$ cat protein-v6.pdb   # PDB, C-alpha atoms, pLDDT in the B column
ATOM      1  CA  MET B   1       0.000   0.000   0.000  1.00 54.00           C
ATOM      2  CA  ASN B   2       1.465   3.276  -0.990  1.00 54.00           C
ATOM      3  CA  ARG B   3       1.733   6.391   1.143  1.00 55.00           C
ATOM      4  CA  ILE B   4      -1.267   8.205  -0.320  1.00 55.00           C
ATOM      5  CA  THR B   5      -3.519   5.213   0.289  1.00 53.00           C
ATOM      6  CA  ARG B   6      -2.472   4.997   3.980  1.00 59.00           C
ATOM      7  CA  ILE B   7      -3.190   8.675   4.552  1.00 54.00           C
ATOM      8  CA  ALA B   8      -6.650   8.359   3.051  1.00 52.00           C
ATOM      9  CA  LEU B   9      -7.515   5.422   5.266  1.00 54.00           C
ATOM     10  CA  SER B  10      -6.317   7.229   8.386  1.00 56.00           C
ATOM     11  CA  VAL B  11      -8.445  10.250   7.599  1.00 51.00           C
ATOM     12  CA  ALA B  12     -11.487   8.066   7.098  1.00 53.00           C
ATOM     13  CA  ALA B  13     -10.897   6.367  10.432  1.00 53.00           C
ATOM     14  CA  CYS B  14     -10.571   9.622  12.323  1.00 51.00           C
ATOM     15  CA  SER B  15     -13.806  10.906  10.943  1.00 49.00           C
ATOM     16  CA  THR B  16     -15.721   8.161  12.681  1.00 48.00           C
ATOM     17  CA  LEU B  17     -14.466   9.050  16.173  1.00 47.00           C
ATOM     18  CA  LEU B  18     -16.665  10.972  18.666  1.00 41.00           C
ATOM     19  CA  VAL B  19     -16.358  14.742  18.887  1.00 42.00           C
ATOM     20  CA  GLY B  20     -13.948  15.727  21.563  1.00 45.00           C
ATOM     21  CA  THR B  21     -11.285  12.974  20.953  1.00 48.00           C
ATOM     22  CA  GLY B  22      -8.065  13.390  19.063  1.00 49.00           C
ATOM     23  CA  CYS B  23      -6.184  11.201  16.702  1.00 47.00           C
ATOM     24  CA  SER B  24      -2.850  11.304  14.943  1.00 49.00           C
ATOM     25  CA  LEU B  25      -1.721  10.201  11.549  1.00 44.00           C
ATOM     26  CA  THR B  26       1.451   8.191  11.188  1.00 47.00           C
ATOM     27  CA  THR B  27       3.194   7.999   7.895  1.00 45.00           C
ATOM     28  CA  ALA B  28       6.346   6.422   6.881  1.00 44.00           C
ATOM     29  CA  ASP B  29       8.014   9.751   6.882  1.00 47.00           C
ATOM     30  CA  GLY B  30       6.953  10.519  10.478  1.00 46.00           C
ATOM     31  CA  PRO B  31       3.898  11.297  12.514  1.00 45.00           C
ATOM     32  CA  ALA B  32       1.499  13.894  11.292  1.00 41.00           C
ATOM     33  CA  GLU B  33      -0.601  15.569  13.954  1.00 44.00           C
ATOM     34  CA  ALA B  34      -4.271  16.070  13.447  1.00 42.00           C
ATOM     35  CA  SER B  35      -6.019  18.965  14.980  1.00 44.00           C
ATOM     36  CA  GLN B  36      -7.274  18.478  18.516  1.00 47.00           C
ATOM     37  CA  ALA B  37     -10.990  18.302  19.085  1.00 46.00           C
ATOM     38  CA  PRO B  38     -12.477  21.383  20.565  1.00 46.00           C
ATOM     39  CA  SER B  39     -12.606  21.524  24.369  1.00 48.00           C
ATOM     40  CA  SER B  40     -15.822  20.749  26.251  1.00 49.00           C
ATOM     41  CA  PRO B  41     -18.431  23.499  26.624  1.00 48.00           C
ATOM     42  CA  ALA B  42     -17.826  23.608  30.417  1.00 48.00           C
ATOM     43  CA  GLU B  43     -14.125  24.365  29.847  1.00 48.00           C
ATOM     44  CA  THR B  44     -14.592  26.880  27.066  1.00 45.00           C
ATOM     45  CA  GLN B  45     -17.525  28.809  28.450  1.00 49.00           C
ATOM     46  CA  ALA B  46     -16.567  31.434  30.996  1.00 46.00           C
ATOM     47  CA  ALA B  47     -18.413  31.106  34.265  1.00 46.00           C
ATOM     48  CA  THR B  48     -20.988  33.832  34.759  1.00 49.00           C
ATOM     49  CA  LYS B  49     -20.541  35.570  38.059  1.00 51.00           C
ATOM     50  CA  ALA B  50     -23.696  36.106  40.066  1.00 49.00           C
ATOM     51  CA  PRO B  51     -24.393  39.793  40.672  1.00 51.00           C
ATOM     52  CA  THR B  52     -23.368  41.009  44.100  1.00 55.00           C
ATOM     53  CA  PRO B  53     -26.449  42.099  46.100  1.00 55.00           C
ATOM     54  CA  ALA B  54     -26.552  45.762  47.034  1.00 54.00           C
ATOM     55  CA  GLN B  55     -25.273  46.449  50.538  1.00 55.00           C
ATOM     56  CA  PRO B  56     -27.724  48.183  52.888  1.00 52.00           C
ATOM     57  CA  SER B  57     -26.872  51.746  53.780  1.00 54.00           C
ATOM     58  CA  GLU B  58     -25.184  52.132  57.171  1.00 56.00           C
ATOM     59  CA  GLU B  59     -25.959  55.828  57.510  1.00 55.00           C
ATOM     60  CA  PRO B  60     -28.054  56.399  60.647  1.00 51.00           C
ATOM     61  CA  THR B  61     -31.528  57.680  60.119  1.00 53.00           C
ATOM     62  CA  GLU B  62     -32.448  61.009  61.658  1.00 53.00           C
ATOM     63  CA  GLU B  63     -34.286  60.528  64.914  1.00 53.00           C
ATOM     64  CA  ALA B  64     -36.887  62.809  66.385  1.00 49.00           C
ATOM     65  CA  SER B  65     -35.603  65.143  69.063  1.00 52.00           C
ATOM     66  CA  ASP B  66     -36.207  63.987  72.631  1.00 56.00           C
ATOM     67  CA  GLU B  67     -35.628  67.420  74.115  1.00 56.00           C
ATOM     68  CA  PRO B  68     -38.548  68.356  76.395  1.00 51.00           C
ATOM     69  CA  THR B  69     -40.657  71.338  75.475  1.00 54.00           C
ATOM     70  CA  ASP B  70     -40.813  74.278  77.780  1.00 54.00           C
ATOM     71  CA  ALA B  71     -43.376  73.718  80.475  1.00 51.00           C
ATOM     72  CA  PRO B  72     -45.884  76.460  81.119  1.00 48.00           C
ATOM     73  CA  SER B  73     -44.768  78.890  83.765  1.00 51.00           C
ATOM     74  CA  ASP B  74     -46.203  78.413  87.262  1.00 53.00           C
ATOM     75  CA  GLU B  75     -45.146  81.840  88.470  1.00 52.00           C
ATOM     76  CA  PRO B  76     -48.022  83.751  90.075  1.00 47.00           C
ATOM     77  CA  THR B  77     -49.294  86.788  88.256  1.00 48.00           C
ATOM     78  CA  ASP B  78     -49.182  90.210  89.812  1.00 47.00           C
ATOM     79  CA  GLU B  79     -52.270  91.173  91.758  1.00 45.00           C
ATOM     80  CA  SER B  80     -53.503  94.688  92.182  1.00 47.00           C
ATOM     81  CA  GLU B  81     -54.272  94.215  95.903  1.00 51.00           C
ATOM     82  CA  SER B  82     -52.096  92.796  98.652  1.00 52.00           C
ATOM     83  CA  PRO B  83     -53.596  89.779 100.427  1.00 57.00           C
ATOM     84  CA  ALA B  84     -54.771  90.463 103.950  1.00 54.00           C
ATOM     85  CA  PRO B  85     -52.272  89.249 106.532  1.00 61.00           C
ATOM     86  CA  THR B  86     -53.391  86.754 109.116  1.00 57.00           C
ATOM     87  CA  THR B  87     -52.660  87.215 112.801  1.00 56.00           C
ATOM     88  CA  ALA B  88     -50.510  84.074 112.649  1.00 52.00           C
ATOM     89  CA  GLU B  89     -48.223  85.900 110.189  1.00 59.00           C
ATOM     90  CA  LEU B  90     -47.910  89.028 112.349  1.00 61.00           C
ATOM     91  CA  SER B  91     -45.151  89.531 114.881  1.00 56.00           C
ATOM     92  CA  GLU B  92     -45.581  91.087 118.308  1.00 64.00           C
ATOM     93  CA  ASP B  93     -44.414  94.381 116.785  1.00 70.00           C
ATOM     94  CA  LEU B  94     -47.208  95.412 114.396  1.00 87.00           C
ATOM     95  CA  ASP B  95     -46.440  97.652 111.406  1.00 90.00           C
ATOM     96  CA  ARG B  96     -48.998 100.353 110.601  1.00 92.00           C
ATOM     97  CA  ALA B  97     -48.164 100.601 106.884  1.00 92.00           C
ATOM     98  CA  THR B  98     -48.549  96.846 106.439  1.00 92.00           C
ATOM     99  CA  LEU B  99     -51.903  96.801 108.204  1.00 93.00           C
ATOM    100  CA  LEU B 100     -53.260  99.841 106.345  1.00 94.00           C
ATOM    101  CA  ALA B 101     -52.368  98.245 102.995  1.00 93.00           C
ATOM    102  CA  ALA B 102     -54.623  95.308 103.862  1.00 93.00           C
ATOM    103  CA  VAL B 103     -57.609  97.272 105.201  1.00 95.00           C
ATOM    104  CA  GLU B 104     -60.962  95.950 103.978  1.00 94.00           C
ATOM    105  CA  THR B 105     -63.329  98.331 105.719  1.00 95.00           C
ATOM    106  CA  GLU B 106     -63.205 101.684 107.567  1.00 96.00           C
ATOM    107  CA  ASP B 107     -65.181 103.057 110.502  1.00 96.00           C
ATOM    108  CA  ASN B 108     -65.020 106.663 111.709  1.00 96.00           C
ATOM    109  CA  CYS B 109     -66.552 105.804 115.110  1.00 97.00           C
ATOM    110  CA  ALA B 110     -69.419 108.231 114.608  1.00 96.00           C
ATOM    111  CA  SER B 111     -71.402 106.587 117.436  1.00 96.00           C
ATOM    112  CA  GLY B 112     -68.464 106.613 119.836  1.00 96.00           C
ATOM    113  CA  LYS B 113     -68.106 102.815 119.722  1.00 97.00           C
ATOM    114  CA  VAL B 114     -66.876 100.328 117.129  1.00 97.00           C
ATOM    115  CA  LEU B 115     -67.836  96.645 117.311  1.00 97.00           C
ATOM    116  CA  VAL B 116     -65.819  94.215 115.186  1.00 97.00           C
ATOM    117  CA  ASP B 117     -67.728  90.938 115.150  1.00 96.00           C
ATOM    118  CA  ARG B 118     -66.639  89.515 111.789  1.00 94.00           C
ATOM    119  CA  THR B 119     -64.036  86.761 111.476  1.00 95.00           C
ATOM    120  CA  GLY B 120     -60.727  87.588 109.794  1.00 94.00           C
ATOM    121  CA  VAL B 121     -61.618  91.151 108.817  1.00 95.00           C
ATOM    122  CA  VAL B 122     -59.134  94.068 108.677  1.00 96.00           C
ATOM    123  CA  VAL B 123     -60.719  97.302 109.959  1.00 97.00           C
ATOM    124  CA  ALA B 124     -59.334 100.836 110.094  1.00 97.00           C
ATOM    125  CA  VAL B 125     -60.805 103.099 112.760  1.00 97.00           C
ATOM    126  CA  THR B 126     -60.143 106.489 111.180  1.00 96.00           C
ATOM    127  CA  ALA B 127     -60.970 108.727 114.167  1.00 97.00           C
ATOM    128  CA  ASP B 128     -60.468 108.722 117.904  1.00 97.00           C
ATOM    129  CA  CYS B 129     -62.960 106.394 119.543  1.00 98.00           C
ATOM    130  CA  ASP B 130     -64.204 106.000 123.103  1.00 98.00           C
ATOM    131  CA  GLU B 131     -64.615 102.237 122.893  1.00 98.00           C
ATOM    132  CA  VAL B 132     -63.552  99.457 120.530  1.00 98.00           C
ATOM    133  CA  GLU B 133     -64.703  95.880 121.095  1.00 98.00           C
ATOM    134  CA  ILE B 134     -63.506  92.867 119.095  1.00 98.00           C
ATOM    135  CA  THR B 135     -65.466  89.587 119.212  1.00 97.00           C
ATOM    136  CA  GLY B 136     -64.599  88.143 115.811  1.00 96.00           C
ATOM    137  CA  ASN B 137     -61.763  85.626 115.721  1.00 97.00           C
ATOM    138  CA  GLY B 138     -58.663  86.546 113.738  1.00 95.00           C
ATOM    139  CA  SER B 139     -59.718  90.160 113.244  1.00 96.00           C
ATOM    140  CA  ILE B 140     -57.255  93.038 112.862  1.00 96.00           C
ATOM    141  CA  VAL B 141     -57.888  96.648 113.901  1.00 97.00           C
ATOM    142  CA  VAL B 142     -55.645  99.616 113.143  1.00 97.00           C
ATOM    143  CA  GLY B 143     -56.864 102.764 114.859  1.00 96.00           C
ATOM    144  CA  GLN B 144     -56.227 106.181 116.303  1.00 97.00           C
ATOM    145  CA  GLY B 145     -56.767 107.062 119.979  1.00 97.00           C
ATOM    146  CA  ILE B 146     -58.874 104.485 121.810  1.00 98.00           C
ATOM    147  CA  GLY B 147     -60.370 105.013 125.240  1.00 98.00           C
ATOM    148  CA  LYS B 148     -61.212 101.399 126.162  1.00 98.00           C
ATOM    149  CA  LEU B 149     -60.219  98.363 124.107  1.00 98.00           C
ATOM    150  CA  THR B 150     -61.845  94.982 124.738  1.00 98.00           C
ATOM    151  CA  VAL B 151     -60.493  91.925 122.915  1.00 98.00           C
ATOM    152  CA  ALA B 152     -62.742  88.840 123.115  1.00 98.00           C
ATOM    153  CA  GLY B 153     -61.844  87.197 119.799  1.00 96.00           C
ATOM    154  CA  THR B 154     -59.156  84.545 119.524  1.00 96.00           C
ATOM    155  CA  GLY B 155     -56.053  85.492 117.559  1.00 96.00           C
ATOM    156  CA  SER B 156     -56.923  89.153 117.106  1.00 96.00           C
ATOM    157  CA  ALA B 157     -54.487  92.057 116.588  1.00 96.00           C
ATOM    158  CA  VAL B 158     -54.804  95.761 117.411  1.00 97.00           C
ATOM    159  CA  LEU B 159     -52.499  98.708 116.702  1.00 97.00           C
ATOM    160  CA  ALA B 160     -53.536 102.170 117.938  1.00 97.00           C
ATOM    161  CA  THR B 161     -51.808 105.480 118.450  1.00 97.00           C
ATOM    162  CA  THR B 162     -52.888 105.547 122.106  1.00 97.00           C
ATOM    163  CA  ILE B 163     -55.005 103.355 124.353  1.00 98.00           C
ATOM    164  CA  ASP B 164     -56.232 104.246 127.816  1.00 98.00           C
ATOM    165  CA  ALA B 165     -57.249 100.756 128.979  1.00 98.00           C
ATOM    166  CA  VAL B 166     -56.791  97.260 127.501  1.00 98.00           C
ATOM    167  CA  SER B 167     -58.910  94.251 128.473  1.00 98.00           C
ATOM    168  CA  ILE B 168     -58.210  90.838 126.930  1.00 98.00           C
ATOM    169  CA  THR B 169     -60.799  88.288 127.992  1.00 98.00           C
ATOM    170  CA  LYS B 170     -60.390  84.522 128.363  1.00 97.00           C
ATOM    171  CA  ASP B 171     -61.804  84.208 124.841  1.00 96.00           C
ATOM    172  CA  GLY B 172     -59.072  86.382 123.374  1.00 97.00           C
ATOM    173  CA  ASN B 173     -56.296  83.800 123.478  1.00 97.00           C
ATOM    174  CA  GLY B 174     -53.257  84.409 121.292  1.00 96.00           C
ATOM    175  CA  SER B 175     -53.990  88.064 120.560  1.00 96.00           C
ATOM    176  CA  VAL B 176     -51.549  90.961 120.054  1.00 96.00           C
ATOM    177  CA  VAL B 177     -52.141  94.560 121.179  1.00 97.00           C
ATOM    178  CA  ASN B 178     -49.708  97.417 120.415  1.00 97.00           C
ATOM    179  CA  TRP B 179     -49.911 101.135 121.152  1.00 96.00           C
ATOM    180  CA  GLU B 180     -47.578 103.761 119.734  1.00 95.00           C
ATOM    181  CA  SER B 181     -47.576 106.084 122.758  1.00 95.00           C
ATOM    182  CA  GLY B 182     -48.910 106.236 126.313  1.00 94.00           C
ATOM    183  CA  SER B 183     -49.067 103.722 129.123  1.00 95.00           C
ATOM    184  CA  PRO B 184     -52.473 102.023 129.280  1.00 97.00           C
ATOM    185  CA  THR B 185     -53.698  99.747 132.016  1.00 97.00           C
ATOM    186  CA  VAL B 186     -53.768  96.120 130.890  1.00 97.00           C
ATOM    187  CA  ALA B 187     -56.033  93.330 132.168  1.00 98.00           C
ATOM    188  CA  ASP B 188     -55.227  90.023 130.463  1.00 97.00           C
ATOM    189  CA  ALA B 189     -57.241  86.882 131.282  1.00 97.00           C
ATOM    190  CA  SER B 190     -56.223  85.035 128.110  1.00 97.00           C
ATOM    191  CA  ILE B 191     -53.517  82.534 127.286  1.00 96.00           C
ATOM    192  CA  GLY B 192     -50.652  83.431 125.017  1.00 95.00           C
ATOM    193  CA  SER B 193     -51.567  87.035 124.326  1.00 96.00           C
ATOM    194  CA  VAL B 194     -49.192  90.020 124.213  1.00 95.00           C
ATOM    195  CA  ALA B 195     -50.010  93.644 125.079  1.00 96.00           C
ATOM    196  CA  VAL B 196     -46.994  95.941 124.765  1.00 95.00           C
ATOM    197  CA  ALA B 197     -45.924  99.295 123.354  1.00 95.00           C
ATOM    198  CA  ALA B 198     -45.076  99.201 119.627  1.00 91.00           C
ATOM    199  CA  GLY B 199     -41.370  98.686 119.093  1.00 84.00           C
ATOM    200  CA  ALA B 200     -40.836  97.528 122.660  1.00 74.00           C
TER
END
$ encode --input "protein-v6.pdb" --output "structure tokens"
Amino acid sequence: MNRITRIALSVAACSTLLVGTGCSLTTADGPAEASQAPSSPAETQAATKAPTPAQPSEEPTEEASDEPTDAPSDEPTDESESPAPTTAELSEDLDRATLLAAVETEDNCASGKVLVDRTGVVVAVTADCDEVEITGNGSIVVGQGIGKLTVAGTGSAVLATTIDAVSITKDGNGSVVNWESGSPTVADASIGSVAVAAGA
């Protein structure tokens, strides 16, 4: 068999092989290489990379402010009139200006006598008076010259320019009587009362 015939037979044999295998031709003059079969699809196809999922944002979200709002002010509003002092707030040394600022009613002693029978009232006796009698508890009297002062109300207070005679009954416990001048006689049957000159 000549050389050409052998080559033809080798080519025919290679054509019957499966795709993907290789074969070689051998001649008398030396081996002749046939082309290699193409590589498998898995080796030739580039692997497709799955897309990387988007990373969540790490920036902090803006939070609502927790700062407290200003509370409404509880400060008391100014009042046009000063509140009336109570006898419990008064010292043994009564102040005329303080008492006059809290006066609720006035009496000019037109009849010669003033009776204070209300509880917790502040009365100004605007003229000299022969007699002043207090029966209301916690009452305050600021007066001028008084002839006779009778205190029969618990926790009462009296300030006068002068007093001739002071009588504090057993019902006048815890009262305060001041006079700005003079030296009155004092009869005190109460408990815890004080009858002294103003500023003494």
$ closest_residue --input "protein-v6.pdb" --among "B:Ala187, B:Ala124, B:Cys129, B:Leu149" --to "Lys170 of chain B" --atoms "all atoms listed in the file"
B:Ala187
$ closest_residue --input "protein-v6.pdb" --among "B:Cys109, B:Val166, B:Leu159, B:Leu115" --to "Gly199 of chain B" --atoms "all atoms listed in the file"
B:Leu159
$ closest_residue --input "protein-v6.pdb" --among "B:Thr119, B:Thr154, B:Ser183, B:Ser167" --to "Glu133 of chain B" --atoms "only C-alpha atoms"
B:Ser167
$ residues_around --input "protein-v6.pdb" --residues "Ser156 of chain B" --least-positions-apart "4" --cutoff "9 Å" --atoms "all atoms listed in the file" --output "ChimeraX atom specification"
/B:87,120,134-141,151-152,172-177
$ atom_distance --input "protein-v6.pdb" --atom1 "atom CA of Asp130 of chain B" --atom2 "atom CA of Ile146 of chain B"
5.7 Å
$ axis_aligned_box --input "protein-v6.pdb" --around "segment 160-178 of chain B" --padding-each-side "5 Å" --output "JSON"
{"center_x": -55.8, "center_y": 94.7, "center_z": 123.5, "size_x": 22.1, "size_y": 31.7, "size_z": 21.0}
$ closest_residue --input "protein-v6.pdb" --among "B:Thr185, B:Trp179, B:Val125, B:Gly153" --to "Ala165 of chain B" --atoms "all atoms listed in the file"
B:Thr185
$ closest_residue --input "protein-v6.pdb" --among "B:Ile168, B:Ala160, B:Ala200, B:Ile191" --to "Arg96 of chain B" --atoms "all atoms listed in the file"
B:Ala160
$ atom_distance --input "protein-v6.pdb" --atom1 "atom CA of Ala189 of chain B" --atom2 "atom CA of Gly112 of chain B"
25.4 Å
$ atom_distance --input "protein-v6.pdb" --atom1 "atom CA of Gly182 of chain B" --atom2 "atom CA of Arg118 of chain B"
28.4 Å
$ residues_around --input "protein-v6.pdb" --residues "Gly145 of chain B" --least-positions-apart "5" --cutoff "8 Å" --atoms "all atoms listed in the file" --output "VMD selection string"
chain B and resid 127 to 129 160 to 163
$ closest_residue --input "protein-v6.pdb" --among "B:Asp164, B:Thr150, B:Val132, B:Gly143" --to "Asp188 of chain B" --atoms "only C-alpha atoms"
B:Thr150
